[in-house]
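Worksheet for the structure shown next.
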Amino acid sequence: MNDLELLASLESVKDPCFERTLKDLKMLAGASEQDGRWTIQIQLPTHAYLCKEELTAAIKSAVAAAHPEAGDVDVEYSVKVLGKNAGGSIGLNVKNVIAVGSGKGGVGKSTVAAALAYGLQSFGATVGLMDADVYGPSIPHLVGADGEPEVIEKENPDGQKVQRLQPIMADGMPMMSIGFMIPEDQAVIWRGPMLHKLLTQFMQQTDWGELDYLIIDMPPGTGDVAITLSQMVSLAGAVVVCTPQKVALLDAVKAIGMYKQVKIPVLGIVENMSGDIFGRGGAAKKAEELSLAPLGEIPSDPVIREYGDEGQISRLFSEENPAKEPLEKMCAEVAGQIVLNSLDAPSMPSLEIL
């Protein structure tokens, strides 16, 4: 038996998280033998992978069935994040741009966006967080960050000098928000062209560095921010946040329709504040009706509000608390949907705005 024969026997093994074969997922990275012991190299498509124990057991079982002479087998894991790498046309070195939106305000969209960013980072991914909710920027408060972004001059590979905004760093994560540029009590009263200009500056003229994921906290409702973003980059998808009650789900459906209209794939629906007050399970039922993925139920637990009020959302992942496990599952579901979309979806057509 050689390494190619061993790997061939594993091609039909189904991954327990994605329910696709290792061959389809292109996760078989190699195999090697030393002193009679085989090591299988598996390349995961995301850091937010929760099925290592199950996959290891499935691989060892498949090897034992196909090649009982192989003896002991080890499984080693590495990560190569799948993504569209869609920002190259505007100078972004980001594998996946994710919009987090809602049909209405007050459903905890910004909290979910910040939690998604910190959750993916806690798994080991490189993540940035951009606040596109210009009229109600919440990200600076939720993450406890302040300061004003500096502008520095950099030289492109072709020798051209350009000016770049330096994002504010919080817990090792680059962030941008209008909230870093105006007093906390000052309202932003802008028309569409000013909004478009700011978003272009945040996306195209900010020194984001190399990222696996850029999370964008969208304004609530249906507006032209989604159109602007869809014209600049091919987003990995949108996460729609809602609460379980029917009135919130009605607005969530409108947001889903907006994203589909501007050719942004919808990754699924997150049910926030799930529990006794608003009920439970409404988002999962609506997702099933719309043939979308239910991305998780985040409990209506006081710890989320407390950490948000204190500007310490990152503690939801660094400390044990009742919200940590459901938040981690939500992050894994979002990352998993991106992986499946990357494998299945054809390239999105360009958007024509009338």
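Going through the structure tokens in order, the chains are called A, B, and so on, while each chain numbers its residues from 1 and the ligands are numbered from 1 in the order shown.
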
List every residue of range 168-270 of chain A that has an atom at most 12 Å from any atom of range 310-328 of chain A, and for each one report the closest atom pair and its distance in Å to one decimal, counting only C-alpha atoms, with rows sorted by chain and then by increasing residue number, as CSV.
residue,atom,partner,partner_atom,distance
A:Ala170,CA,A:Ser314,CA,9.5
A:Asp171,CA,A:Ser314,CA,7.8
A:Gly172,CA,A:Ser314,CA,10.8
A:Met173,CA,A:Ser314,CA,10.6
A:Val270,CA,A:Leu327,CA,10.2

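Surrounding range 200-209 of chain A within 7 Å are A:Ile90, A:Gly91, A:Leu92, A:Asn93, A:Arg164, A:Leu165, A:Gln166, A:Pro167, A:Pro174, A:Met176, A:His196, with only C-alpha atoms counted and residues fewer than 4 positions along the same chain left out.
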
Keeping only C-alpha atoms, write the selected residues to a file as a PDB file, in the first residue's frame.
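Contents of the output file result-v4.pdb:
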ATOM      1  CA  ILE A  90     -10.328  47.453  -5.323  1.00  0.00           C
ATOM      2  CA  GLY A  91      -7.118  46.515  -3.541  1.00  0.00           C
ATOM      3  CA  LEU A  92      -8.608  44.395  -0.739  1.00  0.00           C
ATOM      4  CA  ASN A  93      -6.715  41.282   0.328  1.00  0.00           C
ATOM      5  CA  ARG A 164      -4.349  54.850   3.357  1.00  0.00           C
ATOM      6  CA  LEU A 165      -6.521  55.040   6.466  1.00  0.00           C
ATOM      7  CA  GLN A 166      -5.164  53.036   9.379  1.00  0.00           C
ATOM      8  CA  PRO A 167      -7.986  51.137  11.099  1.00  0.00           C
ATOM      9  CA  PRO A 174      -8.777  46.083  12.674  1.00  0.00           C
ATOM     10  CA  MET A 176     -13.482  51.135  10.974  1.00  0.00           C
ATOM     11  CA  HIS A 196     -21.331  56.129  -0.889  1.00  0.00           C
TER      12      HIS A 196
END

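Minimum distance to Ser110 in chain A across A:Leu55, A:Leu22, A:Ala29, A:Ile304 (counting only C-alpha atoms) occurs at A:Ile304.
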
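A straight line drawn from CA of Gln261 in chain A to CA of Asp224 in chain A is 11.8 Å long.
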
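Distances here use only C-alpha atoms; by that measure, the residue among A:Glu153, A:Glu54, A:Asp35, A:Glu11 closest to Ala66 in chain A is A:Glu11.
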
Could you give me, as JSON lines, a per-residue list for range 276-316 of chain A showing, wherever an atom lies at most 12 Å from an atom of range 228-248 of chain A, the closest pair of atoms and their distance in Å to one decimal, using only C-alpha atoms and sorting by chain then residue number from low to high?
{"residue": "A:Asp276", "atom": "CA", "partner": "A:Pro244", "partner_atom": "CA", "distance": 10.2}
{"residue": "A:Ile277", "atom": "CA", "partner": "A:Gln245", "partner_atom": "CA", "distance": 9.4}
{"residue": "A:Phe278", "atom": "CA", "partner": "A:Gln245", "partner_atom": "CA", "distance": 5.7}
{"residue": "A:Gly279", "atom": "CA", "partner": "A:Pro244", "partner_atom": "CA", "distance": 5.8}
{"residue": "A:Arg280", "atom": "CA", "partner": "A:Pro244", "partner_atom": "CA", "distance": 5.6}
{"residue": "A:Gly281", "atom": "CA", "partner": "A:Pro244", "partner_atom": "CA", "distance": 6.3}
{"residue": "A:Gly282", "atom": "CA", "partner": "A:Pro244", "partner_atom": "CA", "distance": 4.5}
{"residue": "A:Ala283", "atom": "CA", "partner": "A:Pro244", "partner_atom": "CA", "distance": 5.7}
{"residue": "A:Ala284", "atom": "CA", "partner": "A:Pro244", "partner_atom": "CA", "distance": 8.8}
{"residue": "A:Lys285", "atom": "CA", "partner": "A:Pro244", "partner_atom": "CA", "distance": 9.6}
{"residue": "A:Lys286", "atom": "CA", "partner": "A:Pro244", "partner_atom": "CA", "distance": 9.5}
{"residue": "A:Ala287", "atom": "CA", "partner": "A:Val240", "partner_atom": "CA", "distance": 10.3}
{"residue": "A:Leu292", "atom": "CA", "partner": "A:Val240", "partner_atom": "CA", "distance": 10.5}
{"residue": "A:Ala293", "atom": "CA", "partner": "A:Val239", "partner_atom": "CA", "distance": 9.9}
{"residue": "A:Pro294", "atom": "CA", "partner": "A:Val240", "partner_atom": "CA", "distance": 10.0}
{"residue": "A:Leu295", "atom": "CA", "partner": "A:Val239", "partner_atom": "CA", "distance": 8.4}
{"residue": "A:Gly296", "atom": "CA", "partner": "A:Val241", "partner_atom": "CA", "distance": 10.1}
{"residue": "A:Glu297", "atom": "CA", "partner": "A:Pro244", "partner_atom": "CA", "distance": 9.2}
{"residue": "A:Ile298", "atom": "CA", "partner": "A:Thr243", "partner_atom": "CA", "distance": 9.5}
{"residue": "A:Pro299", "atom": "CA", "partner": "A:Thr243", "partner_atom": "CA", "distance": 10.3}
{"residue": "A:Ser300", "atom": "CA", "partner": "A:Thr243", "partner_atom": "CA", "distance": 9.8}

### Task
Rank A:Gly257, A:Gly83, A:Gly106, A:Gly221 by their smallest atom-to-atom distance to Thr46 in chain A, using only C-alpha atoms, and report the top residue only.
A:Gly83

### Message
as a VMD selection string, please: the residues near Ile42 in chain A (cut-off 7 Å, only C-alpha atoms, same-chain neighbours under 3 positions excluded).
### Response
chain A and resid 27 to 29 76 to 78

Include N, CA and C atoms and write out the residues we just selected as a PDB file, in the first residue's frame.
ATOM      1  N   MET A  27     -10.313  18.114   0.951  1.00  0.00           N
ATOM      2  CA  MET A  27      -9.689  18.177   2.258  1.00  0.00           C
ATOM      3  C   MET A  27      -8.541  17.192   2.443  1.00  0.00           C
ATOM      4  N   LEU A  28      -8.364  16.267   1.505  1.00  0.00           N
ATOM      5  CA  LEU A  28      -7.283  15.283   1.619  1.00  0.00           C
ATOM      6  C   LEU A  28      -5.991  15.918   1.115  1.00  0.00           C
ATOM      7  N   ALA A  29      -5.135  16.295   2.032  1.00  0.00           N
ATOM      8  CA  ALA A  29      -3.920  17.031   1.672  1.00  0.00           C
ATOM      9  C   ALA A  29      -2.710  16.128   1.481  1.00  0.00           C
ATOM     10  N   GLU A  76      -3.615  14.666  11.102  1.00  0.00           N
ATOM     11  CA  GLU A  76      -3.120  16.020  11.356  1.00  0.00           C
ATOM     12  C   GLU A  76      -3.971  17.027  10.578  1.00  0.00           C
ATOM     13  N   TYR A  77      -4.241  18.160  11.221  1.00  0.00           N
ATOM     14  CA  TYR A  77      -5.113  19.160  10.613  1.00  0.00           C
ATOM     15  C   TYR A  77      -4.357  20.461  10.329  1.00  0.00           C
ATOM     16  N   SER A  78      -4.656  21.035   9.179  1.00  0.00           N
ATOM     17  CA  SER A  78      -4.227  22.389   8.836  1.00  0.00           C
ATOM     18  C   SER A  78      -5.449  23.123   8.290  1.00  0.00           C
TER      19      SER A  78
END

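What separates CA of Ala99 in chain A from CA of Ala332 in chain A is a distance of 15.9 Å.
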
Would you please give, as a PDB file with C-alpha atoms, in the first residue's frame, all residues of range 72-297 of chain A that DSSP assigns to strand (DSSP E or B) based on the backbone?
ATOM      1  CA  VAL A  73      -3.161   6.016  12.032  1.00  0.00           C
ATOM      2  CA  ASP A  74      -2.781   9.657  13.084  1.00  0.00           C
ATOM      3  CA  VAL A  75      -4.735  12.583  11.617  1.00  0.00           C
ATOM      4  CA  GLU A  76      -3.120  16.020  11.356  1.00  0.00           C
ATOM      5  CA  TYR A  77      -5.113  19.160  10.613  1.00  0.00           C
ATOM      6  CA  SER A  78      -4.227  22.389   8.836  1.00  0.00           C
ATOM      7  CA  VAL A  79      -6.469  25.211   7.598  1.00  0.00           C
ATOM      8  CA  ASN A  93      -6.715  41.282   0.328  1.00  0.00           C
ATOM      9  CA  VAL A  94      -9.778  39.677   1.927  1.00  0.00           C
ATOM     10  CA  LYS A  95     -11.008  36.156   1.247  1.00  0.00           C
ATOM     11  CA  ASN A  96     -14.599  36.679   2.403  1.00  0.00           C
ATOM     12  CA  VAL A  97     -16.684  39.811   2.899  1.00  0.00           C
ATOM     13  CA  ILE A  98     -19.786  39.123   5.019  1.00  0.00           C
ATOM     14  CA  ALA A  99     -22.674  41.560   5.449  1.00  0.00           C
ATOM     15  CA  VAL A 100     -24.690  41.329   8.673  1.00  0.00           C
ATOM     16  CA  GLY A 101     -28.085  42.966   8.243  1.00  0.00           C
ATOM     17  CA  SER A 102     -31.644  43.062   9.508  1.00  0.00           C
ATOM     18  CA  VAL A 127     -10.850  39.097  10.890  1.00  0.00           C
ATOM     19  CA  GLY A 128     -11.724  42.754  10.357  1.00  0.00           C
ATOM     20  CA  LEU A 129     -14.895  44.565  11.449  1.00  0.00           C
ATOM     21  CA  MET A 130     -16.413  47.461   9.509  1.00  0.00           C
ATOM     22  CA  ASP A 131     -19.329  49.548  10.768  1.00  0.00           C
ATOM     23  CA  GLU A 150      -4.653  58.090  10.980  1.00  0.00           C
ATOM     24  CA  VAL A 151      -3.859  58.649   7.328  1.00  0.00           C
ATOM     25  CA  ILE A 152      -0.443  57.465   6.195  1.00  0.00           C
ATOM     26  CA  GLU A 153       1.291  57.462   2.828  1.00  0.00           C
ATOM     27  CA  LYS A 154       2.232  54.095   1.399  1.00  0.00           C
ATOM     28  CA  GLU A 155       3.939  52.964  -1.767  1.00  0.00           C
ATOM     29  CA  LYS A 161       2.363  56.641  -3.524  1.00  0.00           C
ATOM     30  CA  VAL A 162      -1.147  56.413  -2.063  1.00  0.00           C
ATOM     31  CA  GLN A 163      -2.814  57.515   1.144  1.00  0.00           C
ATOM     32  CA  ARG A 164      -4.349  54.850   3.357  1.00  0.00           C
ATOM     33  CA  LEU A 165      -6.521  55.040   6.466  1.00  0.00           C
ATOM     34  CA  GLN A 166      -5.164  53.036   9.379  1.00  0.00           C
ATOM     35  CA  ILE A 168      -8.421  51.245  14.849  1.00  0.00           C
ATOM     36  CA  MET A 169      -7.152  48.054  16.475  1.00  0.00           C
ATOM     37  CA  ALA A 170      -9.163  46.410  19.263  1.00  0.00           C
ATOM     38  CA  MET A 173      -8.753  43.189  15.208  1.00  0.00           C
ATOM     39  CA  PRO A 174      -8.777  46.083  12.674  1.00  0.00           C
ATOM     40  CA  MET A 175     -11.979  48.146  12.732  1.00  0.00           C
ATOM     41  CA  MET A 176     -13.482  51.135  10.974  1.00  0.00           C
ATOM     42  CA  SER A 177     -16.534  53.189  11.921  1.00  0.00           C
ATOM     43  CA  THR A 206      -8.379  51.500   4.423  1.00  0.00           C
ATOM     44  CA  GLU A 210      -4.674  40.290   4.789  1.00  0.00           C
ATOM     45  CA  LEU A 211      -7.933  38.908   6.195  1.00  0.00           C
ATOM     46  CA  ASP A 212      -9.875  35.671   6.094  1.00  0.00           C
ATOM     47  CA  TYR A 213     -13.112  37.536   6.846  1.00  0.00           C
ATOM     48  CA  LEU A 214     -14.254  41.149   6.803  1.00  0.00           C
ATOM     49  CA  ILE A 215     -17.520  41.500   8.741  1.00  0.00           C
ATOM     50  CA  ILE A 216     -19.688  44.480   7.761  1.00  0.00           C
ATOM     51  CA  ASP A 217     -22.332  45.719  10.197  1.00  0.00           C
ATOM     52  CA  GLY A 237     -22.964  36.471   1.560  1.00  0.00           C
ATOM     53  CA  ALA A 238     -25.320  38.154   3.994  1.00  0.00           C
ATOM     54  CA  VAL A 239     -26.358  37.051   7.466  1.00  0.00           C
ATOM     55  CA  VAL A 240     -29.862  38.246   8.354  1.00  0.00           C
ATOM     56  CA  VAL A 241     -30.560  38.823  12.063  1.00  0.00           C
ATOM     57  CA  CYS A 242     -34.041  38.812  13.550  1.00  0.00           C
ATOM     58  CA  VAL A 266     -28.052  35.042   1.727  1.00  0.00           C
ATOM     59  CA  LEU A 267     -26.121  32.692   4.005  1.00  0.00           C
ATOM     60  CA  GLY A 268     -29.048  32.229   6.389  1.00  0.00           C
ATOM     61  CA  ILE A 269     -30.927  33.627   9.371  1.00  0.00           C
ATOM     62  CA  VAL A 270     -29.749  34.121  12.958  1.00  0.00           C
ATOM     63  CA  GLU A 271     -32.398  34.171  15.666  1.00  0.00           C
ATOM     64  CA  ASN A 272     -31.289  36.630  18.339  1.00  0.00           C
ATOM     65  CA  MET A 273     -32.818  37.143  21.808  1.00  0.00           C
ATOM     66  CA  SER A 274     -34.270  33.655  21.654  1.00  0.00           C
ATOM     67  CA  GLY A 275     -36.142  32.697  24.816  1.00  0.00           C
ATOM     68  CA  GLY A 279     -40.435  32.983  21.911  1.00  0.00           C
ATOM     69  CA  PRO A 294     -30.909  28.458  10.140  1.00  0.00           C
ATOM     70  CA  LEU A 295     -27.634  29.812  11.482  1.00  0.00           C
ATOM     71  CA  GLY A 296     -28.407  29.418  15.158  1.00  0.00           C
ATOM     72  CA  GLU A 297     -30.384  30.681  18.115  1.00  0.00           C
TER      73      GLU A 297
END

### Query
By how many Å are CA of Lys260 in chain A and CA of Leu25 in chain A apart?
26.1 Å

### Message
Using only C-alpha atoms, can you tell me which of A:Val303, A:Lys14, A:Thr126, A:Lys26 comes closest to Ala62 in chain A?
### Response
A:Lys14

### Query
Within 12 Å of Asp24 in chain A, counting only C-alpha atoms, which residues qualify if same-chain residues fewer than 3 places away don't, as a ChimeraX atom specification?
/A:10-15,18-21,27-28,45,339-340,342-344

### Task
List every residue of range 40-137 of chain A that DSSP, applied to the backbone of this structure, assigns to helix (DSSP H, G or I), and report them as a ChimeraX atom specification.
/A:52-66,68-70,86-90,109-123

If you keep N, CA and C atoms, can you produce a file of those selected residues as a tab-separated table (two decimals), in the first residue's frame?
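part.tsv, written as the output of this step:
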chain	number	residue	atom	x	y	z
A	52	LYS	N	-13.84	17.84	14.54
A	52	LYS	CA	-12.55	17.14	14.41
A	52	LYS	C	-12.60	15.73	14.99
A	53	GLU	N	-13.18	15.58	16.17
A	53	GLU	CA	-13.21	14.26	16.81
A	53	GLU	C	-13.98	13.27	15.95
A	54	GLU	N	-15.15	13.68	15.44
A	54	GLU	CA	-15.96	12.79	14.62
A	54	GLU	C	-15.25	12.45	13.31
A	55	LEU	N	-14.61	13.46	12.69
A	55	LEU	CA	-13.92	13.21	11.43
A	55	LEU	C	-12.71	12.30	11.63
A	56	THR	N	-11.98	12.51	12.70
A	56	THR	CA	-10.83	11.65	13.00
A	56	THR	C	-11.27	10.19	13.15
A	57	ALA	N	-12.37	10.00	13.87
A	57	ALA	CA	-12.88	8.64	14.06
A	57	ALA	C	-13.32	8.03	12.74
A	58	ALA	N	-13.97	8.81	11.88
A	58	ALA	CA	-14.44	8.31	10.58
A	58	ALA	C	-13.26	7.92	9.69
A	59	ILE	N	-12.20	8.72	9.72
A	59	ILE	CA	-11.01	8.43	8.90
A	59	ILE	C	-10.33	7.15	9.38
A	60	LYS	N	-10.15	7.04	10.68
A	60	LYS	CA	-9.50	5.84	11.21
A	60	LYS	C	-10.32	4.58	10.92
A	61	SER	N	-11.64	4.70	11.01
A	61	SER	CA	-12.50	3.56	10.73
A	61	SER	C	-12.41	3.16	9.26
A	62	ALA	N	-12.37	4.16	8.36
A	62	ALA	CA	-12.29	3.87	6.92
A	62	ALA	C	-10.95	3.21	6.58
A	63	VAL	N	-9.87	3.68	7.19
A	63	VAL	CA	-8.56	3.09	6.93
A	63	VAL	C	-8.52	1.64	7.43
A	64	ALA	N	-9.06	1.42	8.63
A	64	ALA	CA	-9.06	0.07	9.20
A	64	ALA	C	-9.86	-0.89	8.34
A	65	ALA	N	-10.96	-0.40	7.74
A	65	ALA	CA	-11.79	-1.27	6.91
A	65	ALA	C	-11.13	-1.58	5.57
A	66	ALA	N	-10.49	-0.58	4.97
A	66	ALA	CA	-9.90	-0.75	3.64
A	66	ALA	C	-8.49	-1.33	3.69
A	68	PRO	N	-6.50	-2.96	6.69
A	68	PRO	CA	-6.25	-3.39	8.08
A	68	PRO	C	-4.77	-3.53	8.39
A	69	GLU	N	-3.96	-3.70	7.36
A	69	GLU	CA	-2.52	-3.83	7.59
A	69	GLU	C	-1.86	-2.50	7.92
A	70	ALA	N	-2.59	-1.38	7.77
A	70	ALA	CA	-2.00	-0.06	7.99
A	70	ALA	C	-1.62	0.17	9.45
A	86	ALA	N	-12.68	38.32	-3.39
A	86	ALA	CA	-13.38	39.20	-4.32
A	86	ALA	C	-12.92	40.65	-4.27
A	87	GLY	N	-12.06	41.02	-3.32
A	87	GLY	CA	-11.70	42.42	-3.18
A	87	GLY	C	-10.49	42.86	-3.96
A	88	GLY	N	-9.92	41.96	-4.75
A	88	GLY	CA	-8.69	42.30	-5.47
A	88	GLY	C	-8.85	43.48	-6.41
A	89	SER	N	-10.04	43.63	-7.00
A	89	SER	CA	-10.25	44.70	-7.96
A	89	SER	C	-10.19	46.08	-7.32
A	90	ILE	N	-10.41	46.16	-6.00
A	90	ILE	CA	-10.33	47.45	-5.32
A	90	ILE	C	-9.19	47.48	-4.31
A	109	LYS	N	-28.56	43.43	15.78
A	109	LYS	CA	-27.74	43.18	14.60
A	109	LYS	C	-26.27	43.51	14.84
A	110	SER	N	-25.99	44.67	15.42
A	110	SER	CA	-24.60	45.08	15.65
A	110	SER	C	-23.92	44.16	16.65
A	111	THR	N	-24.65	43.73	17.66
A	111	THR	CA	-24.10	42.79	18.63
A	111	THR	C	-23.74	41.48	17.97
A	112	VAL	N	-24.61	41.00	17.08
A	112	VAL	CA	-24.34	39.75	16.37
A	112	VAL	C	-23.14	39.93	15.44
A	113	ALA	N	-23.05	41.08	14.76
A	113	ALA	CA	-21.91	41.33	13.87
A	113	ALA	C	-20.60	41.31	14.64
A	114	ALA	N	-20.57	41.99	15.78
A	114	ALA	CA	-19.35	42.02	16.60
A	114	ALA	C	-19.04	40.63	17.14
A	115	ALA	N	-20.07	39.90	17.56
A	115	ALA	CA	-19.86	38.55	18.08
A	115	ALA	C	-19.36	37.62	16.99
A	116	LEU	N	-19.88	37.76	15.78
A	116	LEU	CA	-19.41	36.94	14.66
A	116	LEU	C	-17.93	37.20	14.39
A	117	ALA	N	-17.54	38.47	14.42
A	117	ALA	CA	-16.14	38.82	14.17
A	117	ALA	C	-15.22	38.23	15.25
A	118	TYR	N	-15.58	38.43	16.51
A	118	TYR	CA	-14.74	37.93	17.59
A	118	TYR	C	-14.78	36.41	17.67
A	119	GLY	N	-15.93	35.82	17.33
A	119	GLY	CA	-16.01	34.37	17.35
A	119	GLY	C	-15.11	33.73	16.31
A	120	LEU	N	-15.13	34.25	15.09
A	120	LEU	CA	-14.26	33.72	14.05
A	120	LEU	C	-12.80	33.93	14.42
A	121	GLN	N	-12.50	35.07	15.03
A	121	GLN	CA	-11.13	35.33	15.47
A	121	GLN	C	-10.71	34.33	16.55
A	122	SER	N	-11.63	34.01	17.46
A	122	SER	CA	-11.29	33.09	18.55
A	122	SER	C	-10.97	31.69	18.02
A	123	PHE	N	-11.51	31.33	16.86
A	123	PHE	CA	-11.20	30.05	16.24
A	123	PHE	C	-9.82	30.05	15.58
